[in-house]
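> Structure file start16.pdb (PDB, C-alpha atoms) is given on the next line.
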MODEL        1
ATOM      1  CA  MET W  22      15.222  19.145   8.420
ATOM      2  CA  ASP W  23      14.121  16.027  10.277
ATOM      3  CA  ASN W  24      13.120  13.173   7.946
ATOM      4  CA  LYS W  25      10.001  12.493  10.023
ATOM      5  CA  SER W  26       8.790  16.105  10.018
ATOM      6  CA  THR W  27       7.661  18.346   7.209
ATOM      7  CA  LYS W  28       7.608  21.516   9.322
ATOM      8  CA  PRO W  29      10.319  24.016   8.307
ATOM      9  CA  GLN W  30      12.299  25.642  11.106
ATOM     10  CA  GLN W  31      11.955  29.130   9.656
ATOM     11  CA  MET W  32       9.677  30.670   7.030
ATOM     12  CA  SER W  33      11.310  31.866   3.831
ATOM     13  CA  PHE W  34      10.618  35.309   2.337
ATOM     14  CA  ALA W  35       8.385  33.677  -0.310
ATOM     15  CA  GLN W  36       6.333  31.931   2.385
ATOM     16  CA  VAL W  37       6.002  35.127   4.436
ATOM     17  CA  GLU W  38       4.901  37.082   1.367
ATOM     18  CA  TYR W  39       2.386  34.371   0.395
ATOM     19  CA  SER W  40       0.913  34.158   3.911
ATOM     20  CA  ALA W  41       0.319  37.921   3.906
ATOM     21  CA  LYS W  42      -1.982  37.853   0.868
ATOM     22  CA  LYS W  43      -5.535  39.050   1.492
ATOM     23  CA  LYS W  44      -7.461  36.301  -0.309
ATOM     24  CA  LEU W  45      -7.485  32.573   0.424
ATOM     25  CA  THR W  46      -7.832  30.538  -2.771
ATOM     26  CA  ARG W  47      -9.973  27.406  -2.996
ATOM     27  CA  ARG W  48      -6.749  25.387  -3.059
ATOM     28  CA  ASP W  49      -5.583  27.042   0.186
ATOM     29  CA  ILE W  50      -8.888  26.236   1.893
ATOM     30  CA  PHE W  51      -8.975  22.642   0.622
ATOM     31  CA  LEU W  52      -5.379  21.887   1.636
ATOM     32  CA  ALA W  53      -5.836  23.491   5.057
ATOM     33  CA  LYS W  54      -8.908  21.336   5.707
ATOM     34  CA  MET W  55      -7.224  18.115   4.539
ATOM     35  CA  GLU W  56      -4.159  18.994   6.603
ATOM     36  CA  GLN W  57      -6.395  18.769   9.661
ATOM     37  CA  VAL W  58      -8.477  15.695   8.788
ATOM     38  CA  VAL W  59      -5.824  13.326   7.391
ATOM     39  CA  PRO W  60      -4.491  11.116  10.248
ATOM     40  CA  TRP W  61      -0.834  11.687   9.342
ATOM     41  CA  GLU W  62       0.715   9.862  12.294
ATOM     42  CA  ARG W  63      -1.383   6.748  11.738
ATOM     43  CA  LEU W  64      -0.685   6.605   8.008
ATOM     44  CA  ILE W  65       3.031   7.218   8.517
ATOM     45  CA  ALA W  66       3.031   4.281  10.942
ATOM     46  CA  VAL W  67       1.517   2.098   8.179
ATOM     47  CA  VAL W  68       4.219   3.020   5.641
ATOM     48  CA  GLU W  69       7.340   3.462   7.802
ATOM     49  CA  PRO W  70       8.138  -0.244   8.472
ATOM     50  CA  HIS W  71       8.430  -0.771   4.693
ATOM     51  CA  TYR W  72      10.221   2.488   3.885
ATOM     52  CA  PRO W  73      13.961   2.271   3.041
ATOM     53  CA  LYS W  74      16.353   3.525   5.707
ATOM     54  CA  SER W  75      18.756   5.043   3.183
ATOM     55  CA  GLY W  76      18.179   6.857  -0.097
ATOM     56  CA  ARG W  77      19.940   6.657  -3.434
ATOM     57  CA  ARG W  78      23.734   6.522  -3.328
ATOM     58  CA  GLY W  79      23.699   6.479   0.457
ATOM     59  CA  ARG W  80      21.921   9.822   0.822
ATOM     60  CA  PRO W  81      19.393  10.314   3.634
ATOM     61  CA  PRO W  82      15.922   9.292   2.410
ATOM     62  CA  ILE W  83      13.144  11.822   1.944
ATOM     63  CA  GLY W  84      10.776  11.727   4.917
ATOM     64  CA  VAL W  85       7.741   9.440   4.740
ATOM     65  CA  GLU W  86       5.361  12.290   5.527
ATOM     66  CA  ARG W  87       6.623  14.456   2.670
ATOM     67  CA  MET W  88       6.253  11.576   0.205
ATOM     68  CA  LEU W  89       2.736  10.869   1.497
ATOM     69  CA  ARG W  90       1.820  14.511   1.008
ATOM     70  CA  MET W  91       3.110  14.457  -2.572
ATOM     71  CA  TYR W  92       1.261  11.214  -3.217
ATOM     72  CA  PHE W  93      -2.011  12.611  -1.843
ATOM     73  CA  ILE W  94      -1.640  15.769  -3.967
ATOM     74  CA  GLN W  95      -1.394  13.444  -6.958
ATOM     75  CA  GLN W  96      -4.689  11.739  -5.995
ATOM     76  CA  TRP W  97      -6.593  14.920  -5.140
ATOM     77  CA  TYR W  98      -5.718  16.722  -8.370
ATOM     78  CA  GLY W  99      -5.525  13.765 -10.778
ATOM     79  CA  LEU W 100      -1.906  14.370 -11.790
ATOM     80  CA  ALA W 101       0.766  12.182 -13.361
ATOM     81  CA  ASP W 102       4.129  11.772 -11.580
ATOM     82  CA  VAL W 103       5.874  14.469 -13.656
ATOM     83  CA  ALA W 104       2.874  16.800 -13.365
ATOM     84  CA  VAL W 105       2.981  16.583  -9.543
ATOM     85  CA  GLU W 106       6.611  17.697  -9.498
ATOM     86  CA  ASP W 107       5.851  20.612 -11.864
ATOM     87  CA  ALA W 108       2.738  21.633  -9.903
ATOM     88  CA  ILE W 109       4.657  21.839  -6.622
ATOM     89  CA  TYR W 110       7.356  23.970  -8.252
ATOM     90  CA  ASP W 111       4.628  26.256  -9.661
ATOM     91  CA  SER W 112       2.425  26.567  -6.571
ATOM     92  CA  GLN W 113       3.428  28.126  -3.257
ATOM     93  CA  ALA W 114       0.295  26.610  -1.665
ATOM     94  CA  LEU W 115       1.452  23.088  -2.592
ATOM     95  CA  ARG W 116       5.002  23.837  -1.416
ATOM     96  CA  ASN W 117       3.644  25.035   1.922
ATOM     97  CA  PHE W 118       1.555  21.852   2.220
ATOM     98  CA  CYS W 119       4.675  19.730   1.632
ATOM     99  CA  ALA W 120       6.821  22.134   3.743
ATOM    100  CA  ILE W 121       9.302  22.643   0.906
ATOM    101  CA  ASP W 122      11.463  25.760   0.855
ATOM    102  CA  LEU W 123      13.202  25.968  -2.524
ATOM    103  CA  ALA W 124      16.029  27.990  -0.979
ATOM    104  CA  VAL W 125      16.870  24.967   1.189
ATOM    105  CA  SER W 126      15.791  21.866  -0.756
ATOM    106  CA  SER W 127      14.352  20.887  -4.114
ATOM    107  CA  VAL W 128      11.060  19.128  -4.830
ATOM    108  CA  PRO W 129      11.402  15.303  -4.885
ATOM    109  CA  ASP W 130      11.500  14.326  -8.539
ATOM    110  CA  SER W 131       8.929  12.257 -10.429
ATOM    111  CA  THR W 132      11.100   9.126 -10.277
ATOM    112  CA  THR W 133      11.194   9.308  -6.469
ATOM    113  CA  LEU W 134       7.398   9.592  -6.401
ATOM    114  CA  MET W 135       7.088   6.638  -8.796
ATOM    115  CA  ASP W 136       9.371   4.533  -6.563
ATOM    116  CA  PHE W 137       7.238   5.470  -3.549
ATOM    117  CA  ARG W 138       4.082   4.446  -5.393
ATOM    118  CA  HIS W 139       5.644   1.104  -6.348
ATOM    119  CA  LEU W 140       6.621   0.575  -2.699
ATOM    120  CA  LEU W 141       3.000   1.081  -1.639
ATOM    121  CA  GLU W 142       1.713  -1.288  -4.322
ATOM    122  CA  LYS W 143       4.278  -4.003  -3.569
ATOM    123  CA  ASN W 144       3.391  -4.129   0.137
ATOM    124  CA  ALA W 145      -0.410  -3.693  -0.237
ATOM    125  CA  LEU W 146      -0.172  -0.451   1.762
ATOM    126  CA  PRO W 147      -3.069   1.337  -0.023
ATOM    127  CA  GLN W 148      -5.432  -1.357   1.288
ATOM    128  CA  ALA W 149      -3.876  -0.949   4.746
ATOM    129  CA  MET W 150      -4.415   2.837   4.535
ATOM    130  CA  LEU W 151      -8.119   2.365   3.812
ATOM    131  CA  LYS W 152      -8.406   0.077   6.855
ATOM    132  CA  GLU W 153      -6.529   2.580   9.049
ATOM    133  CA  VAL W 154      -8.724   5.477   7.945
ATOM    134  CA  ASN W 155     -11.845   3.384   8.614
ATOM    135  CA  ALA W 156     -10.520   2.405  12.041
ATOM    136  CA  LEU W 157     -10.270   6.117  12.867
ATOM    137  CA  LEU W 158     -13.799   6.760  11.583
ATOM    138  CA  LYS W 159     -15.161   3.883  13.678
ATOM    139  CA  GLU W 160     -13.463   5.295  16.770
ATOM    140  CA  ARG W 161     -15.130   8.654  16.091
ATOM    141  CA  GLY W 162     -18.530   6.972  15.619
ATOM    142  CA  LEU W 163     -18.762   7.988  11.965
ATOM    143  CA  LEU W 164     -18.622   4.504  10.424
ATOM    144  CA  MET W 165     -21.247   1.987  11.528
ATOM    145  CA  SER W 166     -21.520  -1.706  10.669
ATOM    146  CA  GLN W 167     -25.254  -2.461  10.730
ATOM    147  CA  GLY W 168     -25.861  -2.224   6.982
ATOM    148  CA  THR W 169     -23.956  -2.270   3.694
ATOM    149  CA  LEU W 170     -24.798  -0.688   0.364
ATOM    150  CA  ILE W 171     -23.038  -2.123  -2.687
ATOM    151  CA  ASP W 172     -22.565  -0.744  -6.184
ATOM    152  CA  ALA W 173     -20.070  -0.607  -9.043
ATOM    153  CA  THR W 174     -18.926   1.979 -11.556
ATOM    154  CA  LEU W 175     -17.114   1.715 -14.865
ATOM    155  CA  ILE W 176     -13.736   3.420 -15.155
ATOM    156  CA  ALA W 177     -12.515   3.902 -18.700
ATOM    157  CA  ALA W 178      -9.064   2.748 -19.798
ATOM    158  CA  PRO W 179      -7.121   4.127 -22.771
ATOM    159  CA  SER W 180      -8.222   2.186 -25.835
ATOM    160  CA  SER W 181      -5.383   3.475 -28.005
ATOM    161  CA  THR W 182      -2.730   1.041 -29.271
ATOM    162  CA  LYS W 183      -0.134   3.790 -29.768
ATOM    163  CA  ASN W 184       2.269   2.408 -27.170
ATOM    164  CA  LYS W 185       5.375   0.209 -27.004
ATOM    165  CA  SER W 186       3.460  -3.088 -27.096
ATOM    166  CA  ARG W 187       1.022  -1.844 -29.776
ATOM    167  CA  LYS W 188      -1.803  -3.382 -27.727
ATOM    168  CA  ARG W 189      -4.542  -2.314 -25.352
ATOM    169  CA  ASP W 190      -4.199  -3.248 -21.694
ATOM    170  CA  PRO W 191      -4.793  -7.055 -21.710
ATOM    171  CA  GLU W 192      -6.365  -6.993 -18.221
ATOM    172  CA  MET W 193      -9.070  -4.523 -19.258
ATOM    173  CA  HIS W 194     -12.195  -5.600 -21.148
ATOM    174  CA  GLN W 195     -15.267  -4.224 -22.868
ATOM    175  CA  ALA W 196     -18.695  -3.994 -21.267
ATOM    176  CA  LYS W 197     -21.995  -2.773 -22.625
ATOM    177  CA  LYS W 198     -24.009  -0.250 -20.641
ATOM    178  CA  GLY W 199     -27.259   0.723 -22.257
ATOM    179  CA  ASN W 200     -26.488   0.927 -25.966
ATOM    180  CA  GLN W 201     -22.865   1.961 -25.522
ATOM    181  CA  TRP W 202     -19.703  -0.117 -25.178
ATOM    182  CA  HIS W 203     -17.057   0.834 -22.609
ATOM    183  CA  PHE W 204     -13.470  -0.403 -22.401
ATOM    184  CA  GLY W 205     -11.860  -0.470 -18.994
ATOM    185  CA  MET W 206     -12.435  -1.787 -15.471
ATOM    186  CA  LYS W 207     -15.008  -1.747 -12.691
ATOM    187  CA  ALA W 208     -14.648  -0.400  -9.187
ATOM    188  CA  HIS W 209     -16.971  -2.311  -6.818
ATOM    189  CA  ILE W 210     -17.545  -0.791  -3.383
ATOM    190  CA  GLY W 211     -19.247  -1.738  -0.144
ATOM    191  CA  ALA W 212     -20.370   1.371   1.762
ATOM    192  CA  ASP W 213     -21.873   2.007   5.173
ATOM    193  CA  GLU W 214     -25.666   2.353   4.958
ATOM    194  CA  GLN W 215     -25.784   5.214   7.479
ATOM    195  CA  SER W 216     -22.955   7.433   6.237
ATOM    196  CA  GLY W 217     -22.107   6.241   2.730
ATOM    197  CA  LEU W 218     -18.452   5.811   3.729
ATOM    198  CA  VAL W 219     -16.609   3.059   1.850
ATOM    199  CA  HIS W 220     -15.343   0.073   3.842
ATOM    200  CA  THR W 221     -14.409  -2.322   0.985
ATOM    201  CA  VAL W 222     -13.060  -1.858  -2.547
ATOM    202  CA  VAL W 223     -12.790  -4.597  -5.175
ATOM    203  CA  SER W 224     -11.465  -4.018  -8.707
ATOM    204  CA  THR W 225     -12.264  -6.203 -11.726
ATOM    205  CA  ALA W 226     -12.283  -5.988 -15.504
ATOM    206  CA  ALA W 227     -15.334  -4.216 -16.930
ATOM    207  CA  HIS W 228     -17.024  -7.397 -18.197
ATOM    208  CA  GLU W 229     -17.344  -8.923 -14.698
ATOM    209  CA  SER W 230     -20.929  -8.792 -13.472
ATOM    210  CA  ASP W 231     -21.783  -6.638 -10.469
ATOM    211  CA  VAL W 232     -23.520  -9.463  -8.609
ATOM    212  CA  SER W 233     -20.444 -11.728  -8.791
ATOM    213  CA  GLN W 234     -18.629  -9.539  -6.226
ATOM    214  CA  THR W 235     -21.408  -9.432  -3.613
ATOM    215  CA  ALA W 236     -19.688 -11.754  -1.129
ATOM    216  CA  ASN W 237     -16.368  -9.877  -1.454
ATOM    217  CA  LEU W 238     -18.051  -6.578  -0.548
ATOM    218  CA  MET W 239     -19.567  -7.869   2.699
ATOM    219  CA  HIS W 240     -17.577  -7.233   5.878
ATOM    220  CA  GLY W 241     -19.531  -9.939   7.739
ATOM    221  CA  GLU W 242     -21.113  -7.886  10.525
ATOM    222  CA  GLU W 243     -23.980  -6.270   8.596
ATOM    223  CA  ALA W 244     -27.616  -7.157   9.203
ATOM    224  CA  CYS W 245     -28.929  -5.779   5.903
ATOM    225  CA  MET W 246     -27.713  -5.283   2.331
ATOM    226  CA  GLY W 247     -28.908  -2.694  -0.196
ATOM    227  CA  ALA W 248     -28.249  -2.763  -3.933
ATOM    228  CA  ASP W 249     -29.700  -1.845  -7.312
ATOM    229  CA  ALA W 250     -31.407  -4.221  -9.749
ATOM    230  CA  GLY W 251     -28.068  -5.475 -11.043
ATOM    231  CA  TYR W 252     -27.785  -7.559  -7.865
ATOM    232  CA  VAL W 253     -31.066  -9.465  -8.192
ATOM    233  CA  GLY W 254     -30.473 -13.044  -7.038
ATOM    234  CA  ALA W 255     -27.426 -12.156  -4.925
ATOM    235  CA  ALA W 256     -28.856 -13.864  -1.820
ATOM    236  CA  LYS W 257     -28.960 -17.247  -3.599
ATOM    237  CA  ARG W 258     -25.354 -17.262  -4.858
ATOM    238  CA  GLU W 259     -23.193 -20.052  -3.408
ATOM    239  CA  GLU W 260     -20.404 -17.795  -2.132
ATOM    240  CA  VAL W 261     -22.933 -15.493  -0.413
ATOM    241  CA  VAL W 262     -24.787 -18.417   1.219
ATOM    242  CA  ALA W 263     -21.442 -19.827   2.417
ATOM    243  CA  LYS W 264     -20.450 -16.461   3.923
ATOM    244  CA  LEU W 265     -23.755 -16.165   5.780
ATOM    245  CA  GLN W 266     -23.688 -19.684   7.245
ATOM    246  CA  GLY W 267     -23.629 -19.882  11.022
ATOM    247  CA  ARG W 268     -24.973 -16.364  11.564
ATOM    248  CA  ALA W 269     -27.449 -15.898  14.394
ATOM    249  CA  VAL W 270     -29.122 -12.906  12.704
ATOM    250  CA  GLU W 271     -30.902 -13.344   9.364
ATOM    251  CA  MET W 272     -29.748 -11.009   6.601
ATOM    252  CA  LYS W 273     -32.280  -8.523   5.233
ATOM    253  CA  TRP W 274     -31.952  -7.825   1.518
ATOM    254  CA  ARG W 275     -33.109  -4.499   0.053
ATOM    255  CA  ILE W 276     -32.452  -5.053  -3.644
ATOM    256  CA  ALA W 277     -34.289  -2.988  -6.231
ATOM    257  CA  LYS W 278     -36.764  -4.787  -8.463
ATOM    258  CA  ARG W 279     -36.266  -4.800 -12.203
ATOM    259  CA  ARG W 280     -38.279  -2.189 -14.110
ATOM    260  CA  LYS W 281     -40.116  -4.544 -16.458
ATOM    261  CA  PRO W 282     -42.177  -6.444 -13.798
ATOM    262  CA  LEU W 283     -43.156  -3.124 -12.210
ATOM    263  CA  LYS W 284     -44.292  -1.683 -15.549
ATOM    264  CA  GLU W 285     -46.351  -4.789 -16.297
ATOM    265  CA  MET W 286     -48.308  -4.535 -13.033
ATOM    266  CA  ALA W 287     -51.914  -3.414 -13.425
ATOM    267  CA  ALA W 288     -52.663   0.073 -12.124
ATOM    268  CA  CYS W 289     -53.981  -0.442  -8.588
ATOM    269  CA  TRP W 290     -53.061   0.216  -4.963
ATOM    270  CA  GLN W 291     -50.615  -2.712  -5.016
ATOM    271  CA  LYS W 292     -48.614  -1.081  -7.816
ATOM    272  CA  ASP W 293     -48.641   2.255  -5.981
ATOM    273  CA  LEU W 294     -47.395   0.526  -2.829
ATOM    274  CA  ALA W 295     -44.664  -1.324  -4.761
ATOM    275  CA  LEU W 296     -43.496   1.900  -6.424
ATOM    276  CA  ALA W 297     -43.453   3.726  -3.075
ATOM    277  CA  TYR W 298     -41.358   0.921  -1.550
ATOM    278  CA  GLU W 299     -38.909   1.055  -4.488
ATOM    279  CA  LYS W 300     -38.621   4.825  -4.044
ATOM    280  CA  LEU W 301     -37.840   4.356  -0.352
ATOM    281  CA  LYS W 302     -35.137   1.768  -1.118
ATOM    282  CA  ALA W 303     -33.654   4.087  -3.767
ATOM    283  CA  SER W 304     -33.476   7.008  -1.318
ATOM    284  CA  ILE W 305     -31.466   4.863   1.123
ATOM    285  CA  ARG W 306     -29.313   3.412  -1.649
ATOM    286  CA  ALA W 307     -28.443   6.883  -3.007
ATOM    287  CA  LYS W 308     -25.702   7.276  -0.381
ATOM    288  CA  VAL W 309     -23.520   4.749  -2.194
ATOM    289  CA  GLU W 310     -23.281   7.175  -5.131
ATOM    290  CA  HIS W 311     -21.597   9.900  -3.057
ATOM    291  CA  PRO W 312     -18.125   8.276  -2.940
ATOM    292  CA  PHE W 313     -18.233   7.786  -6.717
ATOM    293  CA  HIS W 314     -19.039  11.492  -7.126
ATOM    294  CA  VAL W 315     -16.076  12.506  -4.960
ATOM    295  CA  VAL W 316     -13.592  10.187  -6.690
ATOM    296  CA  LYS W 317     -14.740  10.839 -10.263
ATOM    297  CA  ASN W 318     -15.794  14.483 -10.207
ATOM    298  CA  ILE W 319     -13.903  16.140  -7.343
ATOM    299  CA  PHE W 320     -10.697  14.077  -7.498
ATOM    300  CA  LYS W 321     -11.034  13.834 -11.320
ATOM    301  CA  HIS W 322     -10.418  10.085 -11.557
ATOM    302  CA  LYS W 323     -12.460   9.199 -14.637
ATOM    303  CA  LYS W 324      -9.830   7.187 -16.488
ATOM    304  CA  THR W 325      -7.233   4.630 -15.400
ATOM    305  CA  ARG W 326      -3.654   5.908 -15.240
ATOM    306  CA  TYR W 327      -1.768   2.607 -15.023
ATOM    307  CA  GLN W 328      -1.767  -0.741 -16.790
ATOM    308  CA  GLY W 329      -3.162  -3.776 -14.992
ATOM    309  CA  ILE W 330      -5.900  -4.257 -12.416
ATOM    310  CA  ALA W 331      -3.553  -4.474  -9.396
ATOM    311  CA  LYS W 332      -1.989  -1.017  -9.831
ATOM    312  CA  ASN W 333      -5.336   0.633 -10.429
ATOM    313  CA  ASP W 334      -6.850  -1.207  -7.458
ATOM    314  CA  ALA W 335      -4.102   0.203  -5.229
ATOM    315  CA  GLN W 336      -4.888   3.716  -6.413
ATOM    316  CA  LEU W 337      -8.633   3.209  -5.915
ATOM    317  CA  ASN W 338      -8.131   2.095  -2.311
ATOM    318  CA  VAL W 339      -6.256   5.331  -1.575
ATOM    319  CA  LEU W 340      -8.809   7.426  -3.457
ATOM    320  CA  PHE W 341     -11.726   5.963  -1.483
ATOM    321  CA  ALA W 342      -9.808   6.354   1.783
ATOM    322  CA  LEU W 343      -9.312  10.040   0.954
ATOM    323  CA  SER W 344     -12.935  10.363  -0.177
ATOM    324  CA  ASN W 345     -14.060   9.037   3.222
ATOM    325  CA  LEU W 346     -12.044  11.764   4.944
ATOM    326  CA  TYR W 347     -13.333  14.392   2.512
ATOM    327  CA  MET W 348     -16.975  13.377   3.064
ATOM    328  CA  VAL W 349     -16.749  13.775   6.863
ATOM    329  CA  ARG W 350     -14.275  16.678   6.932
ATOM    330  CA  GLY W 351     -16.777  18.894   8.712
ATOM    331  CA  LYS W 352     -17.391  16.330  11.457
ATOM    332  CA  LEU W 353     -13.739  15.425  11.920
ATOM    333  CA  CYS W 354     -12.721  19.071  12.159
ATOM    334  CA  PRO W 355     -15.684  21.411  12.739
TER     335      PRO W 355
ENDMDL
END
Now, as a test, write the supplied structure out as structure tokens.

Amino acid sequence: MDNKSTKPQQMSFAQVEYSAKKKLTRRDIFLAKMEQVVPWERLIAVVEPHYPKSGRRGRPPIGVERMLRMYFIQQWYGLADVAVEDAIYDSQALRNFCAIDLAVSSVPDSTTLMDFRHLLEKNALPQAMLKEVNALLKERGLLMSQGTLIDATLIAAPSSTKNKSRKRDPEMHQAKKGNQWHFGMKAHIGADEQSGLVHTVVSTAAHESDVSQTANLMHGEEACMGADAGYVGAAKREEVVAKLQGRAVEMKWRIAKRRKPLKEMAACWQKDLALAYEKLKASIRAKVEHPFHVVKNIFKHKKTRYQGIAKNDAQLNVLFALSNLYMVRGKLCP
């Protein structure tokens, strides 16, 4: 089999038998759709210059596309390295997606997948993948640049000290939300106002304030910014003012007001108007929640898998790149 291709030359008996079944499972449908919407050639071109030309002990390396497919299965189903290997052995649908015929070759082991992940992290390829996916979406007219919505979500980290170092992850911190404390990190995103597609991802410890990352989430071409009440005062921050200097167009800020001043307003037409305006801003801002829903609920990423901000940031960039493709799957491939 060619290293650059994952298409088998001939179907095995197991594949023929599986393809003849009368019912398509949800996994079959999902994988078939993602097969069509993922820009394989473009993503392979991102990884290939950094991929080793020879494998272990001089053996031919496993093809980039097959490793990408394994890696994406890991992100879609929230699996650890060993669990991905086991899942592919167990599932004919996953083997078909990776074009693996067990009569001809075995499934790449968990160590090979771990090495591939480390290669991506070392060369900042997850961030490059997000940019490549967004370049495709811009070409298709699905990702605009007129406005940006920003938000952040907490991602829990294991708080247990039952590990080799007998310590919690030193890069993670506690943050209070409401009356509850959370230990972990924050994923900050900048999303397109029209589509809700993510263009920028920034990862910090949980105790970092949302508003501190405003400038990092701006791509520089937007004419308006939308955010919740956690970003009050963002327009006056030094780094934001510096980023907006020299612009011909003035930035419009659509930041939600805090609840207390609204509650304290006397009941009159002005309060009704203010509440209606806040409701309008909230309806526009709601699109920034969709990527979080996909990553946390559909891709099942509710807890960090690795130690350190950098490794988790790499994973989040890939997850949001895949969530962008998932959110527009019907438009990319009607």
> Determine, counting all atoms listed in the file, which protein, DNA and RNA residues have an atom within 8 Å of an atom of region 148-151 of chain W; residues of the same chain fewer than 3 positions away are not included. Present the result as a list of chain:residue names.
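After dropping sequence-adjacent residues, the list is W:Leu64, W:Val67, W:Ala145, W:Val154, W:Asn155, W:His220, W:Ala335, W:Asn338, W:Val339, W:Phe341, W:Ala342.
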> Between W:Gly199, W:Asp107, W:Leu140, W:Phe313, which residue has the minimum interatomic distance to Pro70 (chain W), considering all atoms listed in the file?
W:Leu140
> Can you report as JSON the centre and edge lengths in Å, to one decimal, of an axis-aligned box around the listed atoms of region 106-115 of chain W padded with 6 Å on each side?

{"center_x": 3.8, "center_y": 22.9, "center_z": -6.8, "size_x": 19.1, "size_y": 22.4, "size_z": 22.2}
> Would you kindly identify which residues have an atom no farther than 9 Å from (-7.3, -0.7, -17.6), using all atoms listed in the file and the file's own coordinates, and write them out as a ChimeraX atom specification?
/W:176-180,189-194,204-206,226-227,324-330,333
> Using C-alpha atoms, can you write the selected residues to a file as an mmCIF file, in the frame of the given file?

data_model
loop_
_atom_site.group_PDB
_atom_site.id
_atom_site.type_symbol
_atom_site.label_atom_id
_atom_site.label_comp_id
_atom_site.auth_asym_id
_atom_site.auth_seq_id
_atom_site.Cartn_x
_atom_site.Cartn_y
_atom_site.Cartn_z
ATOM 1 C CA ILE W 176 -13.736 3.420 -15.155
ATOM 2 C CA ALA W 177 -12.515 3.902 -18.700
ATOM 3 C CA ALA W 178 -9.064 2.748 -19.798
ATOM 4 C CA PRO W 179 -7.121 4.127 -22.771
ATOM 5 C CA SER W 180 -8.222 2.186 -25.835
ATOM 6 C CA ARG W 189 -4.542 -2.314 -25.352
ATOM 7 C CA ASP W 190 -4.199 -3.248 -21.694
ATOM 8 C CA PRO W 191 -4.793 -7.055 -21.710
ATOM 9 C CA GLU W 192 -6.365 -6.993 -18.221
ATOM 10 C CA MET W 193 -9.070 -4.523 -19.258
ATOM 11 C CA HIS W 194 -12.195 -5.600 -21.148
ATOM 12 C CA PHE W 204 -13.470 -0.403 -22.401
ATOM 13 C CA GLY W 205 -11.860 -0.470 -18.994
ATOM 14 C CA MET W 206 -12.435 -1.787 -15.471
ATOM 15 C CA ALA W 226 -12.283 -5.988 -15.504
ATOM 16 C CA ALA W 227 -15.334 -4.216 -16.930
ATOM 17 C CA LYS W 324 -9.830 7.187 -16.488
ATOM 18 C CA THR W 325 -7.233 4.630 -15.400
ATOM 19 C CA ARG W 326 -3.654 5.908 -15.240
ATOM 20 C CA TYR W 327 -1.768 2.607 -15.023
ATOM 21 C CA GLN W 328 -1.767 -0.741 -16.790
ATOM 22 C CA GLY W 329 -3.162 -3.776 -14.992
ATOM 23 C CA ILE W 330 -5.900 -4.257 -12.416
ATOM 24 C CA ASN W 333 -5.336 0.633 -10.429
#
> Which is closer to Leu163 (chain W) than all the others in W:Val349, W:Ala288, W:Met246, W:Val59, using only C-alpha atoms?
W:Val349
> CA of Gln95 (chain W) to CA of Tyr347 (chain W): how many Å, to one decimal?
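Between these atoms lies a distance of 15.3 Å.
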> Hey, which of W:Thr169, W:Asn184, W:Gln336, W:Ser112 ends up closest to Leu218 (chain W)? Count all atoms listed in the file.
W:Thr169
> I would like the residues chosen by the PyMOL selection byres ((chain W and resi 132-139) around 10) on the shown file; could you give them as number ranges by chain?
W: 68, 72-73, 76-77, 83, 85, 88-89, 91-92, 95, 101-103, 105-106, 128-131, 140-147, 332, 335-336
> Just the number, please: distance in Å from CA of Val222 (chain W) to CA of His209 (chain W), one decimal.
5.8 Å
> When distances are computed from all atoms listed in the file, which of W:Leu175, W:Ala263, W:Ala108, W:Ala250 shows the smallest separation from Glu229 (chain W)?
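Using all atoms listed in the file, Glu229 (chain W) sits closest to W:Leu175.
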> Neighbouring residues of region 55-57 of chain W were defined as those with any atom within 9 Å, considering only C-alpha atoms; residues of the same chain fewer than 6 positions away were excluded. Please report them as a compact mmCIF listing (two decimals) with C-alpha atoms, in the coordinates of the input.

# COMPACT_ATOMS: atom_id res chain seq x y z
CA PHE W 118 1.56 21.85 2.22
CA LEU W 346 -12.04 11.76 4.94
CA TYR W 347 -13.33 14.39 2.51
CA ARG W 350 -14.28 16.68 6.93
CA LEU W 353 -13.74 15.42 11.92
CA CYS W 354 -12.72 19.07 12.16
> Given the file shown, determine the residues that the PyMOL selection byres ((chain W and resi 272) around 7) selects; report them as a list in words.
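That selection, the PyMOL selection byres ((chain W and resi 272) around 7), comes back as Ala244, Cys245, Val270, Glu271, Lys273 and Trp274 of chain W.
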> Between W:Gln113, W:Thr182, W:Gln195, W:Ser216, which residue has the minimum interatomic distance to Lys352 (chain W), considering only C-alpha atoms?
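Once distances to Lys352 (chain W) are computed over only C-alpha atoms, the minimum belongs to W:Ser216.
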> Which value, in Å to one decimal, gives the distance between CA of Cys119 (chain W) and CA of Ala53 (chain W)?
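Taking CA of Cys119 (chain W) as the start and CA of Ala53 (chain W) as the end point, the length is 11.7 Å.
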> Could you tell me which of W:Glu69, W:Glu259, W:Asp334, W:Asp249 comes closest to Lys302 (chain W) if we count all atoms listed in the file?
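Using all atoms listed in the file, Lys302 (chain W) sits closest to W:Asp249.
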> At a cut-off of 8 Å, using all atoms listed in the file, what residues contact region 234-240 of chain W? Leave out same-chain residues fewer than 6 positions from it and give the result as a VMD selection string.
chain W and resid 169 171 209 to 211 220 to 223 252 255 260 to 261 264
> Mind telling me what the PyMOL selection byres ((chain W and resi 280) around 12) catches here, as a CSV table (one decimal) with C-alpha atoms, in the frame of the given file?

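File produced: selection_17.csv:
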chain,number,residue,atom,x,y,z
W,249,ASP,CA,-29.7,-1.8,-7.3
W,250,ALA,CA,-31.4,-4.2,-9.7
W,251,GLY,CA,-28.1,-5.5,-11.0
W,253,VAL,CA,-31.1,-9.5,-8.2
W,277,ALA,CA,-34.3,-3.0,-6.2
W,278,LYS,CA,-36.8,-4.8,-8.5
W,279,ARG,CA,-36.3,-4.8,-12.2
W,281,LYS,CA,-40.1,-4.5,-16.5
W,282,PRO,CA,-42.2,-6.4,-13.8
W,283,LEU,CA,-43.2,-3.1,-12.2
W,284,LYS,CA,-44.3,-1.7,-15.5
W,285,GLU,CA,-46.4,-4.8,-16.3
W,286,MET,CA,-48.3,-4.5,-13.0
W,295,ALA,CA,-44.7,-1.3,-4.8
W,296,LEU,CA,-43.5,1.9,-6.4
W,299,GLU,CA,-38.9,1.1,-4.5
